[in-house]
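Source file start26.csv; content: CSV, C-alpha atoms.
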chain,number,residue,atom,x,y,z
A,1,GLY,CA,0.0,0.0,0.0
A,2,TRP,CA,2.8,2.4,0.9
A,3,GLY,CA,4.5,1.7,-2.4
A,4,LEU,CA,1.3,2.4,-4.4
A,5,HIS,CA,0.9,5.7,-2.6
A,6,SER,CA,4.5,6.7,-3.3
A,7,SER,CA,4.0,5.9,-7.0
A,8,ARG,CA,1.0,8.1,-7.2
A,9,ARG,CA,2.8,11.0,-5.6
A,10,ALA,CA,5.7,10.6,-7.9
A,11,ALA,CA,3.4,10.5,-11.0
A,12,ALA,CA,1.6,13.7,-9.8
A,13,HIS,CA,5.0,15.4,-9.2
A,14,GLU,CA,6.2,14.4,-12.7
A,15,SER,CA,3.0,15.7,-14.3
A,16,ARG,CA,3.4,19.1,-12.6
A,17,HIS,CA,7.0,19.2,-13.6
A,18,ASN,CA,6.0,18.5,-17.3
A,19,MET,CA,3.4,21.3,-17.3
A,20,LEU,CA,6.0,23.7,-15.9
A,21,LEU,CA,8.5,22.7,-18.7
A,22,LEU,CA,5.8,23.3,-21.3
A,23,THR,CA,5.1,26.7,-19.9
A,24,CYS,CA,8.7,27.7,-19.9
A,25,PHE,CA,9.2,26.3,-23.4
A,26,ALA,CA,6.3,28.5,-24.6
A,27,VAL,CA,7.8,31.6,-23.0
A,28,HIS,CA,11.2,30.8,-24.4
A,29,LEU,CA,9.8,30.1,-27.9
A,30,GLU,CA,7.8,33.3,-28.2
A,31,PRO,CA,10.6,35.8,-28.8
A,32,ARG,CA,12.2,33.5,-31.3
A,33,LEU,CA,9.0,33.3,-33.4
A,34,ALA,CA,8.7,37.1,-33.3
A,35,THR,CA,12.3,37.5,-34.4
A,36,ARG,CA,11.8,35.0,-37.2
A,37,ALA,CA,8.9,36.9,-38.5
A,38,HIS,CA,11.3,39.9,-39.3
A,39,ALA,CA,13.5,37.7,-41.4
A,40,ALA,CA,13.7,38.3,-45.2
A,41,PRO,CA,10.9,36.7,-47.1
A,42,LEU,CA,11.6,33.6,-49.2
A,43,PHE,CA,11.3,33.3,-52.9
A,44,ASP,CA,7.6,33.9,-53.5
A,45,PRO,CA,6.7,34.8,-57.1
A,46,LEU,CA,3.0,34.2,-56.5
A,47,GLY,CA,2.8,36.5,-53.6
A,48,LEU,CA,1.6,33.8,-51.2
A,49,GLU,CA,3.7,35.3,-48.4
A,50,GLN,CA,1.5,38.4,-48.3
A,51,VAL,CA,-1.4,36.4,-46.8
A,52,GLN,CA,0.7,35.4,-43.8
A,53,PRO,CA,0.2,37.3,-40.6
A,54,THR,CA,2.6,40.1,-39.7
A,55,ALA,CA,5.1,39.8,-36.9
A,56,GLN,CA,2.9,41.7,-34.5
A,57,ALA,CA,-0.1,39.6,-35.4
A,58,HIS,CA,2.0,36.4,-35.0
A,59,HIS,CA,3.3,37.7,-31.7
A,60,GLN,CA,-0.3,38.1,-30.5
A,61,LEU,CA,-1.2,34.5,-31.7
A,62,VAL,CA,1.5,32.9,-29.6
A,63,PRO,CA,1.1,34.4,-26.1
A,64,ALA,CA,2.7,33.0,-23.0
A,65,GLY,CA,1.1,30.1,-21.2
A,66,GLY,CA,0.2,32.1,-18.2
A,67,ALA,CA,-1.4,34.9,-20.3
A,68,MET,CA,-3.5,32.2,-22.2
A,69,VAL,CA,-4.8,30.8,-18.9
A,70,ALA,CA,-5.7,34.3,-17.6
A,71,ALA,CA,-7.5,35.2,-20.9
A,72,LEU,CA,-9.5,32.0,-20.8
A,73,ALA,CA,-10.5,32.6,-17.2
A,74,ALA,CA,-11.6,36.2,-17.9
A,75,ALA,CA,-13.5,35.3,-21.1
A,76,ARG,CA,-17.1,35.5,-19.8
A,77,PRO,CA,-19.9,37.9,-20.8
A,78,GLU,CA,-20.3,41.1,-18.8
A,79,ALA,CA,-23.7,42.8,-18.3
A,80,ALA,CA,-22.2,46.3,-18.6
A,81,LEU,CA,-20.9,45.5,-22.1
A,82,ALA,CA,-24.1,43.8,-23.3
A,83,LYS,CA,-26.1,46.9,-24.3
A,84,GLY,CA,-25.4,46.2,-28.0
A,85,GLY,CA,-27.8,43.4,-28.0
A,86,GLU,CA,-28.9,42.8,-24.4
A,87,TYR,CA,-32.5,44.0,-25.1
A,88,GLY,CA,-32.8,42.1,-28.4
A,89,ILE,CA,-35.5,43.4,-30.8
A,90,PHE,CA,-36.1,46.5,-28.6
A,91,GLU,CA,-32.8,47.8,-29.8
A,92,GLY,CA,-33.5,47.0,-33.5
A,93,ARG,CA,-34.5,49.2,-36.3
A,94,ILE,CA,-38.2,48.3,-36.2
A,95,VAL,CA,-38.9,49.3,-32.6
A,96,SER,CA,-36.5,52.3,-33.0
A,97,LEU,CA,-38.5,53.6,-35.9
A,98,ALA,CA,-41.8,53.1,-34.2
A,99,HIS,CA,-41.5,56.5,-32.4
A,100,PRO,CA,-41.0,58.6,-35.6
A,101,ALA,CA,-43.6,56.7,-37.5
A,102,VAL,CA,-46.3,57.1,-34.9
A,103,MET,CA,-45.4,60.7,-34.2
A,104,ALA,CA,-45.7,61.5,-37.9
A,105,MET,CA,-49.2,60.1,-37.8
A,106,MET,CA,-49.9,62.1,-34.6
A,107,TYR,CA,-48.8,65.3,-36.4
A,108,ALA,CA,-51.4,64.6,-39.1
A,109,ALA,CA,-54.0,63.7,-36.5
A,110,THR,CA,-53.2,67.0,-34.7
A,111,ALA,CA,-53.8,69.0,-37.9
A,112,TRP,CA,-57.0,67.1,-38.5
A,113,ALA,CA,-58.1,67.8,-34.9
A,114,ALA,CA,-57.4,71.5,-35.4
A,115,PHE,CA,-59.5,71.5,-38.6
A,116,THR,CA,-62.5,69.6,-37.0
A,117,GLY,CA,-62.2,71.8,-33.9
A,118,TYR,CA,-62.4,75.0,-36.0
A,119,GLN,CA,-65.4,73.7,-37.9
A,120,TRP,CA,-67.2,72.7,-34.7
A,121,ARG,CA,-66.6,76.2,-33.3
A,122,GLN,CA,-67.8,77.7,-36.6
A,123,LEU,CA,-71.0,75.5,-36.3
A,124,ARG,CA,-71.7,76.9,-32.8
A,125,GLU,CA,-71.0,80.5,-33.9
A,126,ILE,CA,-73.2,80.2,-37.0
A,127,GLY,CA,-76.3,79.9,-34.9
A,128,ASN,CA,-75.6,83.1,-33.1
A,129,GLN,CA,-74.9,84.9,-36.5
A,130,ILE,CA,-78.2,83.6,-37.9
A,131,THR,CA,-80.1,84.8,-34.8
A,132,GLU,CA,-78.5,88.3,-35.1
A,133,LEU,CA,-79.3,88.5,-38.8
A,134,LYS,CA,-82.9,87.5,-38.2
A,135,ASP,CA,-83.4,90.2,-35.6
A,136,ARG,CA,-82.1,92.8,-38.0
A,137,LYS,CA,-84.4,91.4,-40.7
A,138,LYS,CA,-87.4,91.7,-38.4
A,139,LYS,CA,-86.7,95.4,-37.7
A,140,HIS,CA,-86.5,96.1,-41.4
A,141,GLU,CA,-89.7,94.2,-42.1
A,142,SER,CA,-91.4,96.2,-39.3
A,143,GLN,CA,-90.2,99.5,-41.0
A,144,LEU,CA,-91.6,98.3,-44.3
A,145,LYS,CA,-94.9,97.5,-42.6
A,146,VAL,CA,-95.1,100.9,-41.1
A,147,LEU,CA,-94.4,102.5,-44.5
A,148,ALA,CA,-97.1,100.4,-46.1
A,149,ASP,CA,-99.7,101.3,-43.4
A,150,GLY,CA,-98.9,105.0,-44.0
A,151,GLU,CA,-99.8,104.5,-47.6
A,152,ALA,CA,-96.4,105.4,-48.8
A,153,GLU,CA,-96.0,105.3,-52.6
A,154,ALA,CA,-92.9,103.0,-52.5
A,155,ALA,CA,-90.4,101.6,-49.9
A,156,PRO,CA,-87.0,103.3,-49.8
A,157,PRO,CA,-84.6,101.4,-52.2
A,158,ALA,CA,-81.9,101.2,-49.5
A,159,LEU,CA,-84.2,99.5,-47.1
A,160,THR,CA,-85.4,97.0,-49.6
A,161,ALA,CA,-81.8,96.2,-50.7
A,162,GLU,CA,-80.6,95.7,-47.2
A,163,LEU,CA,-83.6,93.4,-46.5
A,164,ALA,CA,-82.7,91.3,-49.5
A,165,SER,CA,-79.1,91.1,-48.4
A,166,LEU,CA,-80.0,90.0,-44.9
A,167,THR,CA,-82.3,87.3,-46.4
A,168,SER,CA,-79.5,86.1,-48.7
A,169,GLN,CA,-77.0,85.9,-45.8
A,170,ILE,CA,-79.4,84.0,-43.6
A,171,ASP,CA,-80.1,81.4,-46.3
A,172,GLU,CA,-76.4,81.0,-47.0
A,173,LEU,CA,-75.5,80.5,-43.3
A,174,THR,CA,-78.4,78.1,-42.8
A,175,THR,CA,-77.1,75.9,-45.7
A,176,THR,CA,-73.6,75.9,-44.2
A,177,ARG,CA,-74.9,75.0,-40.8
A,178,LYS,CA,-76.8,72.0,-42.2
A,179,GLU,CA,-73.7,70.8,-44.0
A,180,LEU,CA,-71.5,71.1,-40.8
A,181,ALA,CA,-74.2,69.5,-38.6
A,182,SER,CA,-74.4,66.5,-40.9
A,183,SER,CA,-70.6,65.9,-40.5
A,184,ASP,CA,-70.9,65.0,-36.8
A,185,LEU,CA,-67.9,67.2,-36.1
A,186,ARG,CA,-68.1,66.9,-32.3
A,187,ALA,CA,-67.7,63.1,-32.4
A,188,LYS,CA,-64.8,63.3,-34.9
A,189,HIS,CA,-63.0,65.9,-32.9
A,190,TYR,CA,-63.4,64.0,-29.6
A,191,GLN,CA,-62.3,60.7,-31.2
A,192,VAL,CA,-59.1,62.1,-32.8
A,193,GLY,CA,-58.3,64.0,-29.6
A,194,SER,CA,-58.6,60.8,-27.6
A,195,VAL,CA,-56.2,59.0,-30.0
A,196,ILE,CA,-53.7,61.9,-29.8
A,197,LEU,CA,-53.8,62.0,-26.0
A,198,GLY,CA,-53.4,58.2,-25.6
A,199,LEU,CA,-51.2,57.0,-28.5
A,200,GLY,CA,-49.3,60.2,-28.9
A,201,THR,CA,-48.4,60.4,-25.2
A,202,ALA,CA,-47.4,56.8,-25.1
A,203,PHE,CA,-45.0,57.0,-28.0
A,204,ALA,CA,-43.7,60.4,-27.0
A,205,ILE,CA,-42.4,58.5,-23.9
A,206,GLU,CA,-41.4,55.4,-25.9
A,207,GLY,CA,-38.9,57.5,-28.0
A,208,PRO,CA,-36.6,58.5,-25.1
A,209,VAL,CA,-36.9,55.0,-23.5
A,210,ASN,CA,-35.8,53.4,-26.7
A,211,THR,CA,-32.9,55.9,-27.0
A,212,PHE,CA,-31.8,55.0,-23.5
A,213,LEU,CA,-31.9,51.2,-24.3
A,214,ARG,CA,-29.7,51.7,-27.3
A,215,ALA,CA,-27.3,54.3,-26.0
A,216,GLN,CA,-27.6,54.0,-22.2
A,217,LYS,CA,-28.1,57.7,-22.0
A,218,LEU,CA,-30.4,60.5,-23.2
A,219,PHE,CA,-29.5,63.5,-25.4
A,220,PRO,CA,-31.2,66.6,-23.9
A,221,GLY,CA,-31.8,69.2,-26.6
A,222,PRO,CA,-34.4,71.2,-28.5
A,223,HIS,CA,-36.2,68.1,-29.8
A,224,LEU,CA,-36.6,66.5,-26.4
A,225,TYR,CA,-37.7,69.8,-24.7
A,226,ALA,CA,-40.2,70.6,-27.5
A,227,GLY,CA,-41.6,67.1,-27.3
A,228,ALA,CA,-42.1,67.4,-23.6
A,229,GLY,CA,-43.9,70.8,-24.2
A,230,VAL,CA,-46.2,69.2,-26.8
A,231,VAL,CA,-47.3,66.5,-24.3
A,232,VAL,CA,-47.9,69.1,-21.6
A,233,CYS,CA,-50.1,71.1,-24.0
A,234,TRP,CA,-52.1,68.0,-24.9
A,235,ALA,CA,-52.7,67.2,-21.2
A,236,MET,CA,-53.7,70.8,-20.4
A,237,ALA,CA,-56.1,71.0,-23.4
A,238,ALA,CA,-57.7,67.7,-22.4
A,239,SER,CA,-58.1,68.9,-18.8
A,240,LEU,CA,-60.3,71.8,-19.9
A,241,VAL,CA,-62.9,69.6,-21.6
A,242,PRO,CA,-65.2,69.3,-18.5
A,243,LEU,CA,-65.4,73.1,-18.2
A,244,MET,CA,-66.0,73.4,-21.9
A,245,SER,CA,-69.0,71.0,-21.7
A,246,LYS,CA,-70.5,73.4,-19.2
A,247,GLY,CA,-70.3,76.3,-21.7
A,248,LYS,CA,-67.3,78.1,-20.2
A,249,ASP,CA,-65.9,80.4,-23.0
A,250,ALA,CA,-62.7,81.0,-21.2
A,251,ALA,CA,-62.1,77.2,-21.1
A,252,ARG,CA,-62.7,77.0,-24.8
A,253,THR,CA,-60.3,79.8,-25.5
A,254,ALA,CA,-57.6,78.2,-23.4
A,255,HIS,CA,-58.2,74.8,-25.0
A,256,ILE,CA,-57.7,76.3,-28.4
A,257,ALA,CA,-54.6,78.2,-27.3
A,258,PHE,CA,-52.9,75.0,-25.8
A,259,ASN,CA,-53.6,73.1,-29.0
A,260,VAL,CA,-52.3,75.8,-31.2
A,261,LEU,CA,-49.1,75.9,-29.1
A,262,ALA,CA,-48.8,72.1,-29.4
A,263,LEU,CA,-49.2,72.2,-33.1
A,264,GLY,CA,-46.6,75.0,-33.4
A,265,LEU,CA,-44.0,73.1,-31.2
A,266,PHE,CA,-44.8,69.9,-33.2
A,267,THR,CA,-44.1,71.7,-36.5
A,268,TRP,CA,-40.9,73.2,-35.1
A,269,GLN,CA,-39.8,69.6,-34.2
A,270,LEU,CA,-40.0,68.3,-37.7
A,271,PRO,CA,-36.5,69.1,-38.9
A,272,THR,CA,-34.7,67.8,-35.8
A,273,GLY,CA,-37.0,64.7,-35.9
A,274,TRP,CA,-36.0,64.0,-39.4
A,275,ASP,CA,-32.3,64.2,-38.6
A,276,ILE,CA,-32.7,61.9,-35.7
A,277,THR,CA,-34.6,59.4,-37.9
A,278,LEU,CA,-31.8,59.3,-40.4
A,279,LYS,CA,-29.3,58.6,-37.6
A,280,VAL,CA,-31.5,55.8,-36.3
A,281,ILE,CA,-31.6,54.2,-39.8
A,282,LYS,CA,-27.8,54.5,-40.0
A,283,PHE,CA,-26.9,53.1,-36.7
A,284,THR,CA,-29.5,50.3,-36.3
A,285,LYS,CA,-30.1,47.0,-38.0
A,286,PHE,CA,-33.2,44.9,-38.6
A,287,PRO,CA,-35.1,43.7,-36.9
Show how you would write the structure in this file as structure tokens.
Amino acid sequence: GWGLHSSRRAAAHESRHNMLLLTCFAVHLEPRLATRAHAAPLFDPLGLEQVQPTAQAHHQLVPAGGAMVAALAAARPEAALAKGGEYGIFEGRIVSLAHPAVMAMMYAATAWAAFTGYQWRQLREIGNQITELKDRKKKHESQLKVLADGEAEAAPPALTAELASLTSQIDELTTTRKELASSDLRAKHYQVGSVILGLGTAFAIEGPVNTFLRAQKLFPGPHLYAGAGVVVCWAMAASLVPLMSKGKDAARTAHIAFNVLALGLFTWQLPTGWDITLKVIKFTKFP
């Protein structure tokens, strides 16, 4: 038993000794290989020597045994260096272009909301205009009646012309009001406003989040600040809807002002947004 144990110890000692010799041999051989790489090239009429690695590259391919072991031990993925693919498709071009694509649609929706809102306001004001014109028409008709009772030979031409003009304006405004009323402007304005408030706000936030996933930082600047201002204007305009439904003219005026400001900031964002979109296309890959 003692002899078997001694044999095993001797074998283990010999193995460690061999590993040490191999390591020393690699260290001793490395400078010789580097020196040999500087030697004059052999006869090479086909230029095959050109595809061989340079001395520096060859030097890097034959590291010392200890350096090889250290490199293998350290070769493991690090979370801090994984941002170039750690989030998968969320760093790709499709998700990165979702923000500019949706916001382009939101710009068109904002313009449409402004148009329907203007028409809806016009529909409300037409009623007041028609009422005012009808009151004026009644006064003129009363004057004509007085003149007719007084057995006047003929009504004054100016009064007759003004009465005809009022009648024409009333008919025109009445036709316009019927056309606007048939368009259901209130429902259209409310629906597009809800889409802007929900989808627009969501993707206005998605843009900076996606930028942070790809670059691990944000880029504060005019585009980001203007975008934040647009979202604030949307929120403020929506908060005035309950007061508007109660007939508060001040709330309606403030609602229009916030939406006009949002559309102005949105328009001002277009050039910077286009530049950022081109950079996203350049520095991202599908998917």
**Request:** Write out as a list in words which residues come within 10 Å of Ala101 of chain A when counting all atoms listed in the file, dropping same-chain ones fewer than 5 positions away.
**Result:**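 Counting all atoms listed in the file, the residues come to Ser96, Met106, Phe203 and Thr277 of chain A.
Residue nearest Thr110 of chain A, chosen from A:His223, A:His189, A:Lys134, A:Lys282 and counting all atoms listed in the file: A:His189.
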**Message:** Let me make sure I understand: among A:Gln143, A:Thr160, A:Thr167, A:Thr174, which one has the smallest atom-to-atom distance to Ile126 of chain A if we use only C-alpha atoms?
**Reply:** A:Thr174
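Candidate residues A:Ile281, A:Leu173, A:Ala250, A:Leu218 were compared for distance to Gln122 of chain A, and the nearest is A:Leu173, using only C-alpha atoms.
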**Selected residue of minimal separation from Ala202 of chain A among A:Ile170, A:Val102, A:Leu97, A:Ala226, counting all atoms listed in the file** =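 Result for the nearest residue to Ala202 of chain A: A:Val102.
Ranking A:Gly264, A:Thr284, A:Arg136, A:Val241 by their shortest atom-to-atom distance to Ala164 of chain A, with only C-alpha atoms included, puts A:Arg136 first.
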Is it possible to add N, CA and C atoms to segment 245-281 of chain A and hand it back as a compact mmCIF listing (two decimals), in the frame of the given file?
# COMPACT_ATOMS: atom_id res chain seq x y z
N SER A 245 -67.62 71.63 -21.59
CA SER A 245 -69.00 71.00 -21.70
C SER A 245 -70.01 71.78 -20.90
N LYS A 246 -69.56 72.60 -19.97
CA LYS A 246 -70.50 73.40 -19.20
C LYS A 246 -70.68 74.81 -19.80
N GLY A 247 -70.09 75.03 -20.96
CA GLY A 247 -70.30 76.30 -21.70
C GLY A 247 -69.37 77.41 -21.27
N LYS A 248 -68.25 77.12 -20.66
CA LYS A 248 -67.30 78.10 -20.20
C LYS A 248 -66.48 78.62 -21.44
N ASP A 249 -66.68 79.85 -21.85
CA ASP A 249 -65.90 80.40 -23.00
C ASP A 249 -64.45 80.52 -22.73
N ALA A 250 -64.10 80.85 -21.49
CA ALA A 250 -62.70 81.00 -21.20
C ALA A 250 -61.97 79.63 -21.31
N ALA A 251 -62.64 78.54 -20.94
CA ALA A 251 -62.10 77.20 -21.10
C ALA A 251 -61.88 76.87 -22.56
N ARG A 252 -62.86 77.24 -23.38
CA ARG A 252 -62.70 77.00 -24.80
C ARG A 252 -61.56 77.74 -25.42
N THR A 253 -61.42 78.99 -25.01
CA THR A 253 -60.30 79.80 -25.50
C THR A 253 -58.96 79.22 -25.12
N ALA A 254 -58.85 78.80 -23.84
CA ALA A 254 -57.60 78.20 -23.40
C ALA A 254 -57.32 76.88 -24.06
N HIS A 255 -58.38 76.10 -24.31
CA HIS A 255 -58.20 74.80 -25.00
C HIS A 255 -57.66 75.04 -26.41
N ILE A 256 -58.18 76.02 -27.10
CA ILE A 256 -57.70 76.30 -28.40
C ILE A 256 -56.23 76.81 -28.37
N ALA A 257 -55.92 77.65 -27.38
CA ALA A 257 -54.60 78.20 -27.30
C ALA A 257 -53.54 77.07 -27.01
N PHE A 258 -53.86 76.14 -26.12
CA PHE A 258 -52.90 75.00 -25.80
C PHE A 258 -52.72 74.17 -27.08
N ASN A 259 -53.78 73.92 -27.83
CA ASN A 259 -53.60 73.10 -29.00
C ASN A 259 -52.89 73.79 -30.14
N VAL A 260 -53.07 75.08 -30.26
CA VAL A 260 -52.30 75.80 -31.20
C VAL A 260 -50.82 75.83 -30.88
N LEU A 261 -50.52 76.00 -29.59
CA LEU A 261 -49.10 75.90 -29.10
C LEU A 261 -48.53 74.56 -29.38
N ALA A 262 -49.31 73.50 -29.12
CA ALA A 262 -48.80 72.10 -29.40
C ALA A 262 -48.51 71.91 -30.84
N LEU A 263 -49.40 72.39 -31.71
CA LEU A 263 -49.20 72.20 -33.10
C LEU A 263 -47.95 73.03 -33.59
N GLY A 264 -47.74 74.22 -33.01
CA GLY A 264 -46.60 75.00 -33.40
C GLY A 264 -45.28 74.33 -32.93
N LEU A 265 -45.23 73.80 -31.69
CA LEU A 265 -44.00 73.10 -31.20
C LEU A 265 -43.81 71.82 -32.05
N PHE A 266 -44.89 71.14 -32.38
CA PHE A 266 -44.80 69.90 -33.20
C PHE A 266 -44.19 70.23 -34.56
N THR A 267 -44.65 71.31 -35.17
CA THR A 267 -44.10 71.70 -36.50
C THR A 267 -42.64 72.08 -36.38
N TRP A 268 -42.27 72.76 -35.31
CA TRP A 268 -40.90 73.20 -35.10
C TRP A 268 -39.98 71.95 -34.90
N GLN A 269 -40.55 70.83 -34.44
CA GLN A 269 -39.80 69.60 -34.20
C GLN A 269 -39.44 68.85 -35.48
N LEU A 270 -40.15 69.09 -36.54
CA LEU A 270 -40.00 68.30 -37.70
C LEU A 270 -38.58 68.16 -38.25
N PRO A 271 -37.83 69.27 -38.42
CA PRO A 271 -36.50 69.10 -38.90
C PRO A 271 -35.55 68.30 -38.05
N THR A 272 -35.58 68.55 -36.74
CA THR A 272 -34.70 67.80 -35.80
C THR A 272 -35.16 66.33 -35.78
N GLY A 273 -36.47 66.10 -35.85
CA GLY A 273 -37.00 64.70 -35.90
C GLY A 273 -36.49 63.96 -37.08
N TRP A 274 -36.46 64.62 -38.22
CA TRP A 274 -36.00 64.00 -39.40
C TRP A 274 -34.52 63.62 -39.35
N ASP A 275 -33.72 64.52 -38.80
CA ASP A 275 -32.30 64.20 -38.60
C ASP A 275 -32.07 63.05 -37.71
N ILE A 276 -32.81 62.98 -36.62
CA ILE A 276 -32.70 61.90 -35.70
C ILE A 276 -33.10 60.56 -36.35
N THR A 277 -34.15 60.61 -37.16
CA THR A 277 -34.60 59.40 -37.90
C THR A 277 -33.53 58.87 -38.79
N LEU A 278 -32.85 59.74 -39.51
CA LEU A 278 -31.80 59.30 -40.40
C LEU A 278 -30.63 58.66 -39.61
N LYS A 279 -30.33 59.19 -38.43
CA LYS A 279 -29.30 58.60 -37.60
C LYS A 279 -29.71 57.21 -37.09
N VAL A 280 -30.98 57.07 -36.73
CA VAL A 280 -31.50 55.80 -36.30
C VAL A 280 -31.35 54.74 -37.39
N ILE A 281 -31.70 55.12 -38.62
CA ILE A 281 -31.60 54.20 -39.80
C ILE A 281 -30.12 53.83 -39.99
